[in-house]
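File shown: work-v3.pdb (PDB, C-alpha atoms).
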```pdb
ATOM      1  CA  GLU A  63      37.653 -10.091  48.129  1.00  0.00           C
ATOM      2  CA  THR A  64      37.528  -7.021  45.899  1.00  0.00           C
ATOM      3  CA  LEU A  65      35.200  -8.763  43.463  1.00  0.00           C
ATOM      4  CA  VAL A  66      32.785  -9.667  46.249  1.00  0.00           C
ATOM      5  CA  ARG A  67      32.632  -6.158  47.677  1.00  0.00           C
ATOM      6  CA  MET A  68      31.948  -4.694  44.263  1.00  0.00           C
ATOM      7  CA  SER A  69      29.370  -7.270  43.199  1.00  0.00           C
ATOM      8  CA  ASP A  70      26.466  -4.807  43.340  1.00  0.00           C
ATOM      9  CA  ASN A  71      28.347  -1.959  41.710  1.00  0.00           C
ATOM     10  CA  GLU A  72      27.991  -1.912  37.907  1.00  0.00           C
ATOM     11  CA  ASP A  73      29.716   1.383  37.078  1.00  0.00           C
ATOM     12  CA  GLN A  74      32.557   1.624  34.548  1.00  0.00           C
ATOM     13  CA  GLU A  75      35.286   1.614  37.190  1.00  0.00           C
ATOM     14  CA  SER A  76      34.043  -1.603  38.800  1.00  0.00           C
ATOM     15  CA  GLN A  77      33.719  -3.289  35.408  1.00  0.00           C
ATOM     16  CA  GLU A  78      37.309  -2.352  34.597  1.00  0.00           C
ATOM     17  CA  ALA A  79      38.453  -3.701  37.973  1.00  0.00           C
ATOM     18  CA  ARG A  80      36.622  -6.993  37.444  1.00  0.00           C
ATOM     19  CA  SER A  81      38.056  -7.335  33.962  1.00  0.00           C
ATOM     20  CA  PHE A  82      41.558  -6.596  35.273  1.00  0.00           C
ATOM     21  CA  CYS A  83      41.243  -9.215  38.016  1.00  0.00           C
ATOM     22  CA  MET A  84      39.832 -11.925  35.749  1.00  0.00           C
ATOM     23  CA  TYR A  85      42.459 -11.200  33.082  1.00  0.00           C
ATOM     24  CA  HIS A  86      45.300 -11.649  35.563  1.00  0.00           C
ATOM     25  CA  ILE A  87      43.731 -14.766  37.058  1.00  0.00           C
ATOM     26  CA  GLY A  88      43.592 -16.186  33.529  1.00  0.00           C
ATOM     27  CA  ILE A  89      47.235 -15.294  32.867  1.00  0.00           C
ATOM     28  CA  CYS A  90      48.299 -16.980  36.117  1.00  0.00           C
ATOM     29  CA  GLN A  91      46.289 -20.082  35.259  1.00  0.00           C
ATOM     30  CA  MET A  92      47.979 -20.297  31.862  1.00  0.00           C
ATOM     31  CA  GLN A  93      51.392 -20.047  33.521  1.00  0.00           C
ATOM     32  CA  ILE A  94      50.649 -23.183  35.542  1.00  0.00           C
ATOM     33  CA  GLY A  95      49.143 -25.046  32.600  1.00  0.00           C
ATOM     34  CA  GLN A  96      45.457 -24.718  33.516  1.00  0.00           C
ATOM     35  CA  TYR A  97      44.392 -23.671  30.027  1.00  0.00           C
ATOM     36  CA  ALA A  98      40.680 -24.515  30.225  1.00  0.00           C
ATOM     37  CA  GLU A  99      40.335 -22.609  33.498  1.00  0.00           C
ATOM     38  CA  ALA A 100      42.327 -19.728  32.027  1.00  0.00           C
ATOM     39  CA  ALA A 101      39.952 -19.592  29.072  1.00  0.00           C
ATOM     40  CA  GLU A 102      37.000 -19.340  31.469  1.00  0.00           C
ATOM     41  CA  ALA A 103      38.592 -16.497  33.419  1.00  0.00           C
ATOM     42  CA  LEU A 104      39.553 -14.638  30.250  1.00  0.00           C
ATOM     43  CA  THR A 105      36.047 -15.063  28.859  1.00  0.00           C
ATOM     44  CA  ARG A 106      34.733 -13.490  32.062  1.00  0.00           C
ATOM     45  CA  ALA A 107      37.224 -10.629  31.670  1.00  0.00           C
ATOM     46  CA  LEU A 108      35.924 -10.035  28.158  1.00  0.00           C
ATOM     47  CA  ALA A 109      32.344  -9.919  29.446  1.00  0.00           C
ATOM     48  CA  TYR A 110      33.328  -6.659  31.167  1.00  0.00           C
ATOM     49  CA  GLN A 111      35.761  -5.302  28.548  1.00  0.00           C
ATOM     50  CA  PRO A 112      34.798  -6.905  25.216  1.00  0.00           C
ATOM     51  CA  TYR A 113      37.242  -4.848  23.147  1.00  0.00           C
ATOM     52  CA  SER A 114      40.361  -5.723  25.136  1.00  0.00           C
ATOM     53  CA  VAL A 115      42.928  -6.821  22.575  1.00  0.00           C
ATOM     54  CA  ASP A 116      45.190  -8.212  25.312  1.00  0.00           C
ATOM     55  CA  ALA A 117      42.388 -10.367  26.706  1.00  0.00           C
ATOM     56  CA  HIS A 118      41.465 -11.660  23.248  1.00  0.00           C
ATOM     57  CA  ARG A 119      45.120 -12.517  22.564  1.00  0.00           C
ATOM     58  CA  ALA A 120      45.428 -14.295  25.896  1.00  0.00           C
ATOM     59  CA  LEU A 121      42.167 -16.149  25.307  1.00  0.00           C
ATOM     60  CA  ALA A 122      43.443 -17.321  21.911  1.00  0.00           C
ATOM     61  CA  ALA A 123      46.578 -18.661  23.617  1.00  0.00           C
ATOM     62  CA  ALA A 124      44.579 -20.346  26.391  1.00  0.00           C
ATOM     63  CA  LEU A 125      42.261 -21.991  23.887  1.00  0.00           C
ATOM     64  CA  ALA A 126      45.249 -23.189  21.857  1.00  0.00           C
ATOM     65  CA  GLY A 127      46.775 -24.637  25.028  1.00  0.00           C
ATOM     66  CA  ALA A 128      43.503 -26.371  25.834  1.00  0.00           C
ATOM     67  CA  GLY A 129      43.425 -27.892  22.341  1.00  0.00           C
ATOM     68  CA  ASP A 130      40.429 -25.847  21.196  1.00  0.00           C
ATOM     69  CA  THR A 131      41.504 -25.065  17.634  1.00  0.00           C
ATOM     70  CA  ARG A 132      38.118 -23.707  16.615  1.00  0.00           C
ATOM     71  CA  GLY A 133      37.980 -21.353  19.597  1.00  0.00           C
ATOM     72  CA  ARG A 134      41.495 -20.110  18.878  1.00  0.00           C
ATOM     73  CA  LEU A 135      40.570 -19.456  15.250  1.00  0.00           C
ATOM     74  CA  GLU A 136      37.470 -17.546  16.355  1.00  0.00           C
ATOM     75  CA  GLN A 137      39.656 -15.357  18.564  1.00  0.00           C
ATOM     76  CA  SER A 138      41.996 -14.782  15.610  1.00  0.00           C
ATOM     77  CA  LEU A 139      39.023 -13.498  13.647  1.00  0.00           C
ATOM     78  CA  VAL A 140      37.948 -11.236  16.513  1.00  0.00           C
ATOM     79  CA  LEU A 141      41.466  -9.818  16.716  1.00  0.00           C
ATOM     80  CA  ARG A 142      41.419  -9.064  12.990  1.00  0.00           C
ATOM     81  CA  LEU A 143      38.039  -7.352  13.363  1.00  0.00           C
ATOM     82  CA  LEU A 144      39.523  -5.252  16.158  1.00  0.00           C
ATOM     83  CA  GLY A 145      42.380  -4.300  13.854  1.00  0.00           C
ATOM     84  CA  ALA A 146      44.963  -6.162  15.922  1.00  0.00           C
ATOM     85  CA  GLU A 147      47.426  -8.846  14.999  1.00  0.00           C
ATOM     86  CA  GLU A 148      47.498 -12.146  16.798  1.00  0.00           C
ATOM     87  CA  VAL A 149      50.682 -13.023  18.626  1.00  0.00           C
ATOM     88  CA  ALA A 150      51.606 -16.656  18.059  1.00  0.00           C
ATOM     89  CA  PRO A 151      50.953 -18.753  21.198  1.00  0.00           C
TER      90      PRO A 151
END
```

Before we go any further, please render this structure as structure tokens.
Amino acid sequence: ETLVRMSDNEDQESQEARSFCMYHIGICQMQIGQYAEAAEALTRALAYQPYSVDAHRALAAALAGAGDTRGRLEQSLVLRLLGAEEVAP
């Protein structure tokens, strides 16, 4: 509901809220084994907050769970570029 009400609002606060919501949706999806769906949600979160280390780490884990080795390796590279270490999935 929050995402719908804010759909026309593109300010920084609404982008952070969208990213927060999509990140947590992705985390929940991973917890129930829906890795491909989690990767989609986390990718959407990163569209709003592209430098979120937590979202990149979670996306790497979701991609690994979905069997996307190349995608996970790409996220590892992004994490290195951001100066962060990857946490093993």

Can you check which parts of range 100-148 of chain A lie within 7 Å of range 79-92 of chain A? Per residue, the shortest pair of atoms and distance in Å to one decimal, counting only C-alpha atoms, sorted by chain and number, as CSV.
```
residue,atom,partner,partner_atom,distance
A:Ala100,CA,A:Gly88,CA,4.0
A:Ala101,CA,A:Gly88,CA,6.7
A:Ala103,CA,A:Gly88,CA,5.0
A:Leu104,CA,A:Tyr85,CA,5.3
A:Arg106,CA,A:Met84,CA,6.5
A:Ala107,CA,A:Ser81,CA,4.1
A:Leu108,CA,A:Ser81,CA,6.7
A:Tyr110,CA,A:Ser81,CA,5.5
A:Gln111,CA,A:Ser81,CA,6.2
A:Ala117,CA,A:Tyr85,CA,6.4
A:Ala124,CA,A:Met92,CA,6.4
```

For the residues selected in the previous step, produce a file with C-alpha atoms as a PDB file, in the coordinates of the input.
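Just written: out.pdb:
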```pdb
ATOM      1  CA  ALA A 100      42.327 -19.728  32.027  1.00  0.00           C
ATOM      2  CA  ALA A 101      39.952 -19.592  29.072  1.00  0.00           C
ATOM      3  CA  ALA A 103      38.592 -16.497  33.419  1.00  0.00           C
ATOM      4  CA  LEU A 104      39.553 -14.638  30.250  1.00  0.00           C
ATOM      5  CA  ARG A 106      34.733 -13.490  32.062  1.00  0.00           C
ATOM      6  CA  ALA A 107      37.224 -10.629  31.670  1.00  0.00           C
ATOM      7  CA  LEU A 108      35.924 -10.035  28.158  1.00  0.00           C
ATOM      8  CA  TYR A 110      33.328  -6.659  31.167  1.00  0.00           C
ATOM      9  CA  GLN A 111      35.761  -5.302  28.548  1.00  0.00           C
ATOM     10  CA  ALA A 117      42.388 -10.367  26.706  1.00  0.00           C
ATOM     11  CA  ALA A 124      44.579 -20.346  26.391  1.00  0.00           C
TER      12      ALA A 124
END
```

Can you pull out the residues contacting Gln137 in chain A? Cut-off 8 Å, using all atoms listed in the file, and skip same-chain residues under 6 positions away; I want them as a PyMOL selection string. chain A and resi 118-119+121-122

Can you measure CA of Ala98 in chain A to CA of Thr131 in chain A for me? One decimal in Å is fine.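 About the pair CA of Ala98 in chain A and CA of Thr131 in chain A: they are 12.6 Å apart.
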
May I have the centre and edge lengths, in Å to one decimal, of an axis-aligned box around the listed atoms of range 74-88 of chain A with 8 Å added to every side, as AutoDock Vina command-line options?
```
--center_x 38.9 --center_y -7.3 --center_z 35.9 --size_x 28.7 --size_y 33.8 --size_z 21.7
```

For Tyr113 in chain A, please output as a PDB file with C-alpha atoms, in the coordinates of the input all residues within 10 Å (counting all atoms listed in the file; exclusion window: fewer than 6 positions along the same chain).
```pdb
ATOM      1  CA  VAL A 140      37.948 -11.236  16.513  1.00  0.00           C
ATOM      2  CA  LEU A 141      41.466  -9.818  16.716  1.00  0.00           C
ATOM      3  CA  LEU A 144      39.523  -5.252  16.158  1.00  0.00           C
TER       4      LEU A 144
END
```

Out of A:Leu125, A:Gln77, A:Arg132, A:Ala146, which residue has the shortest atom-to-atom distance to Thr105 in chain A when counting all atoms listed in the file?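 Checking each of A:Leu125, A:Gln77, A:Arg132, A:Ala146 against Thr105 in chain A, counting all atoms listed in the file, the winner is A:Leu125.
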
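In this structure, CA of Glu147 in chain A sits 19.4 Å away from CA of Asp130 in chain A.
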
For Gly127 in chain A, the nearest of the candidates A:Asp73, A:Ala109, A:Ile94, A:Glu78, counting only C-alpha atoms: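 Once distances to Gly127 in chain A are computed over only C-alpha atoms, the minimum belongs to A:Ile94.
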
Just to confirm, what's the straight-line distance from CA of Leu135 in chain A to CA of Gln93 in chain A in Å (one decimal)? 21.2 Å
